[in-house]
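Asker: Just one file: start-v5.json, with JSON, C-alpha atoms.
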```
[["chain", "number", "residue", "atom", "x", "y", "z"],
["B", 1, "MET", "CA", 32.52, 12.91, 3.40],
["B", 2, "GLU", "CA", 28.93, 12.76, 4.69],
["B", 3, "GLU", "CA", 28.51, 9.23, 3.37],
["B", 4, "LEU", "CA", 31.73, 8.20, 5.08],
["B", 5, "ARG", "CA", 30.50, 9.61, 8.40],
["B", 6, "LYS", "CA", 27.15, 7.89, 7.99],
["B", 7, "GLY", "CA", 28.90, 4.62, 7.20],
["B", 8, "LYS", "CA", 31.05, 4.99, 10.31],
["B", 9, "ILE", "CA", 27.92, 5.47, 12.42],
["B", 10, "LEU", "CA", 26.26, 2.41, 10.89],
["B", 11, "ASP", "CA", 29.36, 0.27, 11.47],
["B", 12, "ALA", "CA", 29.62, 1.35, 15.10],
["B", 13, "ALA", "CA", 25.89, 0.85, 15.69],
["B", 14, "LEU", "CA", 25.93, -2.59, 14.10],
["B", 15, "ALA", "CA", 28.81, -3.71, 16.33],
["B", 16, "LEU", "CA", 27.15, -2.40, 19.49],
["B", 17, "PHE", "CA", 23.67, -3.74, 18.70],
["B", 18, "ARG", "CA", 25.19, -7.10, 17.77],
["B", 19, "GLU", "CA", 27.06, -7.26, 21.09],
["B", 20, "LYS", "CA", 24.46, -5.86, 23.51],
["B", 21, "GLY", "CA", 21.05, -5.97, 21.85],
["B", 22, "TYR", "CA", 18.73, -3.10, 21.03],
["B", 23, "SER", "CA", 17.60, -1.94, 24.48],
["B", 24, "ALA", "CA", 21.05, -1.89, 26.10],
["B", 25, "VAL", "CA", 22.56, 0.50, 23.52],
["B", 26, "SER", "CA", 22.04, 4.28, 23.66],
["B", 27, "MET", "CA", 22.73, 6.94, 21.06],
["B", 28, "GLN", "CA", 25.43, 8.23, 23.41],
["B", 29, "ASN", "CA", 27.12, 4.79, 23.32],
["B", 30, "ILE", "CA", 27.10, 4.88, 19.53],
["B", 31, "ALA", "CA", 28.44, 8.45, 19.43],
["B", 32, "GLU", "CA", 31.31, 7.51, 21.73],
["B", 33, "ALA", "CA", 32.08, 4.38, 19.69],
["B", 34, "CYS", "CA", 32.50, 6.35, 16.47],
["B", 35, "GLY", "CA", 34.17, 9.39, 18.09],
["B", 36, "MET", "CA", 31.39, 11.89, 17.37],
["B", 37, "ALA", "CA", 29.14, 14.14, 19.36],
["B", 38, "LYS", "CA", 25.67, 12.71, 19.92],
["B", 39, "ALA", "CA", 24.21, 15.71, 18.09],
["B", 40, "SER", "CA", 26.13, 14.62, 14.99],
["B", 41, "ILE", "CA", 24.38, 11.25, 15.05],
["B", 42, "TYR", "CA", 21.01, 12.97, 15.04],
["B", 43, "LYS", "CA", 21.93, 14.84, 11.86],
["B", 44, "PHE", "CA", 21.77, 11.49, 10.08],
["B", 45, "PHE", "CA", 19.19, 9.60, 12.14],
["B", 46, "ALA", "CA", 16.22, 11.17, 13.89],
["B", 47, "SER", "CA", 16.03, 8.46, 16.55],
["B", 48, "LYS", "CA", 17.59, 5.24, 17.78],
["B", 49, "GLU", "CA", 14.69, 3.41, 16.15],
["B", 50, "ASP", "CA", 15.55, 4.89, 12.76],
["B", 51, "LEU", "CA", 19.23, 4.05, 13.20],
["B", 52, "PHE", "CA", 18.52, 0.46, 14.21],
["B", 53, "THR", "CA", 16.10, 0.07, 11.30],
["B", 54, "GLU", "CA", 18.77, 1.15, 8.82],
["B", 55, "VAL", "CA", 21.38, -1.14, 10.40],
["B", 56, "PHE", "CA", 18.85, -3.98, 10.20],
["B", 57, "THR", "CA", 18.23, -3.24, 6.51],
["B", 58, "VAL", "CA", 21.94, -2.97, 5.69],
["B", 59, "CYS", "CA", 22.59, -6.30, 7.41],
["B", 60, "TYR", "CA", 20.10, -8.42, 5.50],
["B", 61, "ARG", "CA", 20.85, -6.70, 2.19],
["B", 62, "SER", "CA", 24.52, -7.46, 2.72],
["B", 63, "LEU", "CA", 23.61, -11.15, 3.06],
["B", 64, "LEU", "CA", 21.79, -11.08, -0.27],
["B", 65, "GLU", "CA", 24.58, -9.16, -1.98],
["B", 66, "GLN", "CA", 27.20, -11.61, -0.73],
["B", 67, "GLU", "CA", 24.99, -14.51, -1.79],
["B", 68, "ALA", "CA", 24.72, -13.04, -5.32],
["B", 69, "GLU", "CA", 28.51, -12.82, -5.50],
["B", 70, "LEU", "CA", 28.82, -16.38, -4.20],
["B", 71, "ASP", "CA", 26.38, -17.49, -6.89],
["B", 72, "ARG", "CA", 28.47, -15.79, -9.57],
["B", 73, "VAL", "CA", 31.63, -17.52, -8.37],
["B", 74, "GLN", "CA", 29.92, -20.91, -8.14],
["B", 75, "SER", "CA", 28.55, -20.56, -11.68],
["B", 76, "GLN", "CA", 32.08, -19.95, -12.94],
["B", 77, "GLN", "CA", 33.25, -23.06, -11.10],
["B", 78, "GLY", "CA", 30.56, -25.18, -12.75],
["B", 79, "LEU", "CA", 29.36, -26.73, -9.50],
["B", 80, "ALA", "CA", 26.43, -29.16, -9.44],
["B", 81, "PRO", "CA", 23.13, -27.71, -8.13],
["B", 82, "LYS", "CA", 23.24, -29.75, -4.89],
["B", 83, "GLU", "CA", 26.79, -28.65, -4.09],
["B", 84, "LYS", "CA", 25.81, -25.03, -4.75],
["B", 85, "PHE", "CA", 22.86, -25.56, -2.43],
["B", 86, "ARG", "CA", 25.08, -26.96, 0.32],
["B", 87, "ARG", "CA", 27.58, -24.11, 0.07],
["B", 88, "LYS", "CA", 24.85, -21.48, 0.17],
["B", 89, "ILE", "CA", 23.36, -23.06, 3.28],
["B", 90, "GLU", "CA", 26.79, -23.09, 4.92],
["B", 91, "PHE", "CA", 27.22, -19.43, 4.00],
["B", 92, "GLN", "CA", 23.86, -18.52, 5.52],
["B", 93, "LEU", "CA", 24.57, -20.50, 8.67],
["B", 94, "TYR", "CA", 27.81, -18.60, 9.33],
["B", 95, "TYR", "CA", 26.37, -15.21, 8.40],
["B", 96, "THR", "CA", 23.30, -15.69, 10.59],
["B", 97, "MET", "CA", 25.38, -16.84, 13.56],
["B", 98, "GLU", "CA", 27.50, -13.70, 13.25],
["B", 99, "ASN", "CA", 24.46, -11.42, 12.84],
["B", 100, "HIS", "CA", 21.72, -13.35, 14.58],
["B", 101, "LEU", "CA", 20.25, -10.26, 16.26],
["B", 102, "PHE", "CA", 19.29, -8.94, 12.84],
["B", 103, "MET", "CA", 18.76, -12.11, 10.82],
["B", 104, "LEU", "CA", 16.39, -14.10, 13.02],
["B", 105, "ASP", "CA", 12.81, -13.09, 13.75],
["B", 106, "PHE", "CA", 13.43, -10.08, 15.96],
["B", 107, "LYS", "CA", 11.15, -9.80, 19.01],
["B", 108, "GLU", "CA", 12.73, -7.14, 21.22],
["B", 109, "LEU", "CA", 10.46, -4.34, 22.39],
["B", 110, "PRO", "CA", 9.95, -1.44, 21.84],
["B", 111, "ILE", "CA", 11.46, -1.55, 18.34],
["B", 112, "THR", "CA", 8.97, -4.17, 17.12],
["B", 113, "ALA", "CA", 6.17, -1.66, 17.68],
["B", 114, "ASN", "CA", 7.85, 0.92, 15.42],
["B", 115, "ASP", "CA", 6.14, 1.31, 12.04],
["B", 116, "LYS", "CA", 9.38, 1.95, 10.11],
["B", 117, "PHE", "CA", 11.00, -1.12, 11.61],
["B", 118, "LEU", "CA", 7.95, -3.28, 10.89],
["B", 119, "THR", "CA", 8.06, -2.21, 7.25],
["B", 120, "ALA", "CA", 11.79, -3.02, 7.08],
["B", 121, "TRP", "CA", 11.19, -6.36, 8.78],
["B", 122, "GLN", "CA", 8.41, -7.27, 6.34],
["B", 123, "ASN", "CA", 10.70, -6.37, 3.43],
["B", 124, "LYS", "CA", 13.42, -8.57, 4.90],
["B", 125, "LYS", "CA", 10.95, -11.43, 5.38],
["B", 126, "ALA", "CA", 9.78, -11.16, 1.75],
["B", 127, "ALA", "CA", 13.36, -10.96, 0.45],
["B", 128, "MET", "CA", 14.46, -14.04, 2.42],
["B", 129, "LEU", "CA", 11.42, -16.04, 1.33],
["B", 130, "THR", "CA", 12.11, -15.14, -2.30],
["B", 131, "TRP", "CA", 15.76, -16.13, -1.92],
["B", 132, "HIS", "CA", 14.91, -19.46, -0.29],
["B", 133, "ARG", "CA", 12.35, -20.18, -2.98],
["B", 134, "GLU", "CA", 14.95, -19.53, -5.68],
["B", 135, "LEU", "CA", 17.53, -21.58, -3.76],
["B", 136, "LEU", "CA", 15.28, -24.63, -3.54],
["B", 137, "THR", "CA", 13.97, -24.32, -7.08],
["B", 138, "GLU", "CA", 17.55, -24.22, -8.37],
["B", 139, "ALA", "CA", 18.41, -27.33, -6.35],
["B", 140, "TYR", "CA", 15.32, -29.43, -7.12],
["B", 141, "GLY", "CA", 13.73, -28.03, -10.26],
["B", 142, "GLU", "CA", 10.12, -28.24, -11.38],
["B", 143, "GLN", "CA", 9.34, -31.34, -9.28],
["B", 144, "ILE", "CA", 8.68, -29.05, -6.29],
["B", 145, "ASP", "CA", 6.62, -26.42, -8.14],
["B", 146, "LEU", "CA", 3.30, -27.62, -6.69],
["B", 147, "HIS", "CA", 4.66, -27.79, -3.13],
["B", 148, "ILE", "CA", 7.20, -24.97, -3.30],
["B", 149, "TRP", "CA", 5.97, -23.06, -0.24],
["B", 150, "ASP", "CA", 5.66, -26.22, 1.85],
["B", 151, "VAL", "CA", 9.23, -27.13, 0.87],
["B", 152, "VAL", "CA", 10.37, -23.59, 1.74],
["B", 153, "THR", "CA", 8.54, -23.76, 5.08],
["B", 154, "ILE", "CA", 10.07, -27.11, 6.03],
["B", 155, "PHE", "CA", 13.53, -25.94, 5.00],
["B", 156, "ARG", "CA", 13.27, -22.69, 6.96],
["B", 157, "GLY", "CA", 11.92, -24.50, 10.02],
["B", 158, "MET", "CA", 14.86, -26.90, 10.10],
["B", 159, "LEU", "CA", 17.38, -24.18, 9.32],
["B", 160, "LEU", "CA", 16.16, -21.83, 12.06],
["B", 161, "GLN", "CA", 15.87, -24.55, 14.70],
["B", 162, "TYR", "CA", 19.41, -25.80, 14.16],
["B", 163, "LEU", "CA", 20.65, -22.21, 14.03],
["B", 164, "SER", "CA", 19.08, -21.55, 17.42],
["B", 165, "TYR", "CA", 21.16, -24.39, 18.90],
["B", 166, "ALA", "CA", 24.30, -23.13, 17.19],
["B", 167, "ILE", "CA", 23.74, -19.59, 18.48],
["B", 168, "GLN", "CA", 23.25, -20.94, 22.01],
["B", 169, "LYS", "CA", 26.62, -22.71, 21.61],
["B", 170, "VAL", "CA", 25.21, -26.17, 22.31],
["B", 171, "LEU", "CA", 25.87, -27.56, 18.82],
["B", 172, "ALA", "CA", 29.36, -29.04, 18.42],
["B", 173, "VAL", "CA", 29.09, -29.67, 14.68],
["B", 174, "PRO", "CA", 30.98, -27.79, 11.93],
["B", 175, "MET", "CA", 28.65, -25.69, 9.81],
["B", 176, "ALA", "CA", 29.83, -27.50, 6.67],
["B", 177, "GLU", "CA", 28.59, -30.79, 8.16],
["B", 178, "LEU", "CA", 25.32, -29.22, 9.28],
["B", 179, "ALA", "CA", 24.78, -27.83, 5.78],
["B", 180, "ALA", "CA", 25.35, -31.28, 4.26],
["B", 181, "PHE", "CA", 22.97, -32.80, 6.82],
["B", 182, "LEU", "CA", 20.26, -30.28, 5.88],
["B", 183, "VAL", "CA", 20.70, -30.99, 2.17],
["B", 184, "ASP", "CA", 20.26, -34.72, 2.86],
["B", 185, "ARG", "CA", 17.10, -34.07, 4.88],
["B", 186, "MET", "CA", 15.67, -31.87, 2.13],
["B", 187, "ASP", "CA", 16.46, -34.58, -0.42],
["B", 188, "ALA", "CA", 14.33, -36.97, 1.63],
["B", 189, "VAL", "CA", 11.50, -34.45, 1.96],
["B", 190, "VAL", "CA", 11.44, -33.75, -1.78],
["B", 191, "ARG", "CA", 11.57, -37.46, -2.69],
["B", 192, "ASP", "CA", 8.66, -38.18, -0.36],
["B", 193, "MET", "CA", 6.56, -35.33, -1.73],
["B", 194, "ALA", "CA", 7.29, -36.33, -5.32],
["B", 195, "ALA", "CA", 6.26, -39.92, -4.56],
["B", 196, "LYS", "CA", 3.12, -39.22, -2.52],
["B", 197, "GLN", "CA", 1.97, -35.90, -4.05],
["B", 198, "PRO", "CA", 0.21, -34.62, -0.90],
["B", 199, "LYS", "CA", -2.18, -31.71, -1.07],
["B", 200, "PRO", "CA", -0.21, -28.46, -0.54],
["B", 201, "ILE", "CA", -0.67, -26.86, 2.89],
["B", 202, "ILE", "CA", 1.07, -23.49, 2.46],
["B", 203, "ASP", "CA", 0.70, -21.17, -0.51],
["B", 204, "GLY", "CA", 1.81, -17.67, -1.48],
["B", 205, "THR", "CA", -1.08, -16.02, 0.34],
["B", 206, "ASN", "CA", -0.23, -17.23, 3.85],
["B", 207, "VAL", "CA", 3.52, -17.84, 3.82],
["B", 208, "TYR", "CA", 4.30, -14.22, 4.76],
["B", 209, "PHE", "CA", 2.39, -14.15, 8.04],
["B", 210, "ASN", "CA", 3.80, -14.69, 11.52],
["B", 211, "HIS", "CA", 4.18, -12.92, 14.88],
["B", 212, "LEU", "CA", 5.50, -9.61, 13.48],
["B", 213, "ASN", "CA", 3.16, -9.61, 10.52],
["B", 214, "ALA", "CA", -0.05, -10.98, 11.94],
["B", 215, "SER", "CA", -2.97, -11.74, 9.65],
["B", 216, "ASP", "CA", -5.83, -9.25, 9.61],
["B", 217, "GLU", "CA", -9.54, -9.99, 10.01],
["B", 218, "PRO", "CA", -10.31, -10.47, 6.28],
["B", 219, "VAL", "CA", -7.48, -13.00, 5.97],
["B", 220, "ARG", "CA", -8.59, -14.89, 9.08],
["B", 221, "ARG", "CA", -12.18, -14.92, 7.82],
["B", 222, "GLU", "CA", -11.13, -16.29, 4.43],
["B", 223, "THR", "CA", -9.03, -18.99, 6.12],
["B", 224, "ALA", "CA", -12.02, -20.05, 8.23],
["B", 225, "LEU", "CA", -14.20, -20.25, 5.10],
["B", 226, "GLN", "CA", -11.62, -22.43, 3.36],
["B", 227, "PHE", "CA", -11.54, -24.69, 6.41],
["B", 228, "LEU", "CA", -15.35, -24.93, 6.38],
["B", 229, "GLN", "CA", -15.22, -26.04, 2.73],
["B", 230, "THR", "CA", -12.80, -28.79, 3.74],
["B", 231, "LEU", "CA", -15.14, -29.75, 6.57],
["B", 232, "ALA", "CA", -18.08, -29.96, 4.14],
["B", 233, "GLY", "CA", -16.05, -32.33, 1.98],
["B", 234, "LYS", "CA", -15.33, -34.51, 5.01],
["B", 235, "ILE", "CA", -19.05, -34.64, 5.79],
["B", 236, "ASP", "CA", -19.71, -35.97, 2.28],
["B", 237, "GLU", "CA", -17.46, -38.93, 3.08],
["B", 238, "LEU", "CA", -19.12, -39.87, 6.39],
["B", 239, "SER", "CA", -20.69, -43.34, 6.53],
["B", 240, "LYS", "CA", -24.05, -41.93, 7.60],
["B", 241, "PRO", "CA", -27.48, -41.69, 5.94],
["B", 242, "GLU", "CA", -27.78, -38.97, 3.30],
["B", 243, "ALA", "CA", -30.41, -37.15, 5.41],
["B", 244, "VAL", "CA", -27.88, -36.84, 8.27],
["B", 245, "ARG", "CA", -25.13, -35.65, 5.94],
["B", 246, "ALA", "CA", -27.48, -33.10, 4.36],
["B", 247, "GLU", "CA", -28.33, -31.70, 7.78],
["B", 248, "LEU", "CA", -24.68, -31.44, 8.72],
["B", 249, "ARG", "CA", -23.91, -29.67, 5.44],
["B", 250, "GLU", "CA", -26.71, -27.22, 6.17],
["B", 251, "VAL", "CA", -25.16, -26.47, 9.57],
["B", 252, "VAL", "CA", -21.81, -25.82, 7.89],
["B", 253, "SER", "CA", -23.55, -23.51, 5.40],
["B", 254, "LEU", "CA", -25.12, -21.54, 8.26],
["B", 255, "ILE", "CA", -21.71, -21.21, 9.93],
["B", 256, "GLN", "CA", -20.26, -19.98, 6.63],
["B", 257, "GLN", "CA", -22.97, -17.32, 6.34],
["B", 258, "GLU", "CA", -22.44, -16.16, 9.91],
["B", 259, "ALA", "CA", -18.65, -16.21, 9.58],
["B", 260, "GLN", "CA", -18.90, -13.81, 6.62],
["B", 261, "ALA", "CA", -21.15, -11.35, 8.44],
["B", 262, "GLU", "CA", -19.68, -7.99, 9.46],
["B", 263, "LEU", "CA", -21.21, -8.41, 12.92],
["B", 264, "ARG", "CA", -21.04, -12.04, 13.92],
["B", 265, "ASN", "CA", -23.38, -13.66, 16.42],
["B", 266, "PRO", "CA", -20.95, -15.60, 18.67],
["B", 267, "THR", "CA", -23.77, -17.43, 20.46],
["B", 268, "LEU", "CA", -25.21, -18.73, 17.20],
["B", 269, "LEU", "CA", -21.77, -19.81, 16.01],
["B", 270, "ARG", "CA", -21.15, -21.72, 19.23],
["B", 271, "VAL", "CA", -24.55, -23.46, 19.04],
["B", 272, "LEU", "CA", -23.95, -24.52, 15.44],
["B", 273, "ALA", "CA", -20.41, -25.70, 16.21],
["B", 274, "ALA", "CA", -21.72, -27.64, 19.22],
["B", 275, "TYR", "CA", -24.16, -29.46, 16.92],
["B", 276, "LEU", "CA", -21.31, -30.55, 14.66],
["B", 277, "ASP", "CA", -19.37, -31.63, 17.75],
["B", 278, "THR", "CA", -22.00, -34.32, 18.45],
["B", 279, "VAL", "CA", -20.56, -36.25, 15.49],
["B", 280, "SER", "CA", -17.49, -38.06, 16.83],
["B", 281, "GLU", "CA", -15.75, -38.10, 13.43],
["B", 282, "LEU", "CA", -15.88, -34.29, 13.29],
["B", 283, "ARG", "CA", -14.79, -33.41, 16.83],
["B", 284, "SER", "CA", -11.14, -32.79, 16.03],
["B", 285, "ASP", "CA", -12.11, -30.47, 13.17],
["B", 286, "VAL", "CA", -14.71, -28.66, 15.27],
["B", 287, "ARG", "CA", -12.08, -28.05, 17.94],
["B", 288, "GLN", "CA", -9.88, -26.36, 15.35],
["B", 289, "LEU", "CA", -12.85, -24.47, 13.91],
["B", 290, "ASN", "CA", -13.60, -22.98, 17.34],
["B", 291, "LEU", "CA", -10.01, -21.79, 17.60],
["B", 292, "MET", "CA", -10.34, -20.10, 14.20],
["B", 293, "LEU", "CA", -13.69, -18.46, 14.85],
["B", 294, "PHE", "CA", -13.27, -17.20, 18.43]]
```
Could you render the structure from this file as structure tokens?
Answerer:
Amino acid sequence: MEELRKGKILDAALALFREKGYSAVSMQNIAEACGMAKASIYKFFASKEDLFTEVFTVCYRSLLEQEAELDRVQSQQGLAPKEKFRRKIEFQLYYTMENHLFMLDFKELPITANDKFLTAWQNKKAAMLTWHRELLTEAYGEQIDLHIWDVVTIFRGMLLQYLSYAIQKVLAVPMAELAAFLVDRMDAVVRDMAAKQPKPIIDGTNVYFNHLNASDEPVRRETALQFLQTLAGKIDELSKPEAVRAELREVVSLIQQEAQAELRNPTLLRVLAAYLDTVSELRSDVRQLNLMLF
């Protein structure tokens, strides 16, 4: 009986949050929608934040559960990997349109400042990334192993951008056609990567970060150090005398040392970066370095 009452509350809350958003819905609204006293809601959920967090979790887990069932059915049908891929994209497009408040990167305050919600959101992010990685690996096989997270990132970028147009009701294209279009675009991306073998940009250490899961200082410091190593390699390729290149490498080394210090000297970093900026071939990289360091 208690589980039934809790389920009724979750169903009512999901419908109201989906229709009105987080801020516009009160616990009283939810109580009225499921025919209970507000005090009864608080027996199950200590706050609106806790209730929304559970609805959010139920929503994305339902997507994954339905996807697993879809996968089981498709396996029985013996569909080709690309057709399975297309159908799963179509399924996600429809599900996300119906539940976009919960399935897209949620930005509404004050819930995004709630620790329980942030944990749930991070779990959802990790689960969706894992699913998309499996989805693309199933469709394209080992040829994308080296670039898997770049392929995932490109796929998710396209998917979310087209979804945003569909949600705003400015996209007059059936979701089945959009899914087929996305499969064709991913085919082109994968062919190009397989042919050109570019250096991977995204890996498993940075794919999980974005506006609700910002990188911390150690991660930002490590990223800056990696960038400085790339910059040192570029200096080696400059068509300048070895003495000039050696001096530039020494400046990069000094920046690396300062960037690793617990207490940085911003003035010293700016002076060193300004020296590198005198080399025209490095100016674009120095501009990015300044954005990473300050």
Asker: Would you mind reading off the distance between atom CA of Asn290 of chain B and atom CA of Asp277 of chain B, one decimal, in Å?
Answerer: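 Separation between atom CA of Asn290 of chain B and atom CA of Asp277 of chain B: 10.4 Å.
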Asker: I need the residue nearest Tyr60 of chain B from this list: B:Ala126, B:Val73, B:Met158, B:Ala12. Use only C-alpha atoms for the distance.
Answerer: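 Residue with the minimum atom-to-atom distance to Tyr60 of chain B: B:Ala126.
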Asker: Do you know which residues are at most 7 Å from Pro81 of chain B counting all atoms listed in the file, after dropping those on the same chain fewer than 3 positions away, and could you put them as an NGL selection string?
Answerer: :B and (84-85 or 138-139)
Asker: Given the choices B:Glu2, B:Leu293, B:Leu136, B:Val286, which gets closest to Leu269 of chain B if the distance is worked out from only C-alpha atoms?
Answerer: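 The closest residue to Leu269 of chain B is B:Leu293.
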Asker: Suppose you want the space between atom CA of Leu10 of chain B and atom CA of Tyr95 of chain B; what is it in Å?
Answerer: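 The value is 17.8 Å.
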Asker: Would you pick out the contacts of segment 222-225 of chain B at 12 Å or less, using all atoms listed in the file, so that residues sharing its chain but fewer than 4 positions from it are not included, and give the list as a PyMOL selection string?
Answerer: chain B and resi 201-203+205-206+215-218+229-232+252-261+285-286+288-294
Asker: Please provide as an NGL selection string all residues within 12 Å of Glu134 of chain B, with the sequence filter that same-chain residues fewer than 3 positions apart are discarded (counting all atoms listed in the file).
Answerer: :B and (67-68 or 71 or 81 or 85 or 88 or 127-131 or 137-142 or 144-145 or 148-149 or 151-152)
Asker: Could you state the separation of atom CA of Thr153 of chain B and atom CA of Tyr208 of chain B in Å, given to one decimal place?
Answerer: 10.4 Å
Asker: Tell me, counting only C-alpha atoms, for each residue of segment 94-119 of chain B within 12 Å of segment 33-48 of chain B, which pair of atoms is nearest and how far apart they are in Å to one decimal, in rows ordered by chain and increasing number, as a tab-separated table.
Answerer:
```
residue	atom	partner	partner_atom	distance
B:Pro110	CA	B:Lys48	CA	10.9
B:Ile111	CA	B:Lys48	CA	9.2
B:Asn114	CA	B:Lys48	CA	10.9
B:Lys116	CA	B:Ser47	CA	11.3
B:Phe117	CA	B:Lys48	CA	11.0
```
Asker: Using all atoms listed in the file, can you tell me which of B:Leu118, B:Ser75, B:Ala176, B:Thr278 comes closest to Phe91 of chain B?
Answerer: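 With all atoms listed in the file as the atom set, the closest residue is B:Ala176.
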Asker: Between B:Leu163, B:Met97, B:Glu54, B:Glu49, single out the one closest to Asp11 of chain B, counting all atoms listed in the file.
Answerer: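 Checking each candidate against Asp11 of chain B, we get B:Glu54 as the closest.
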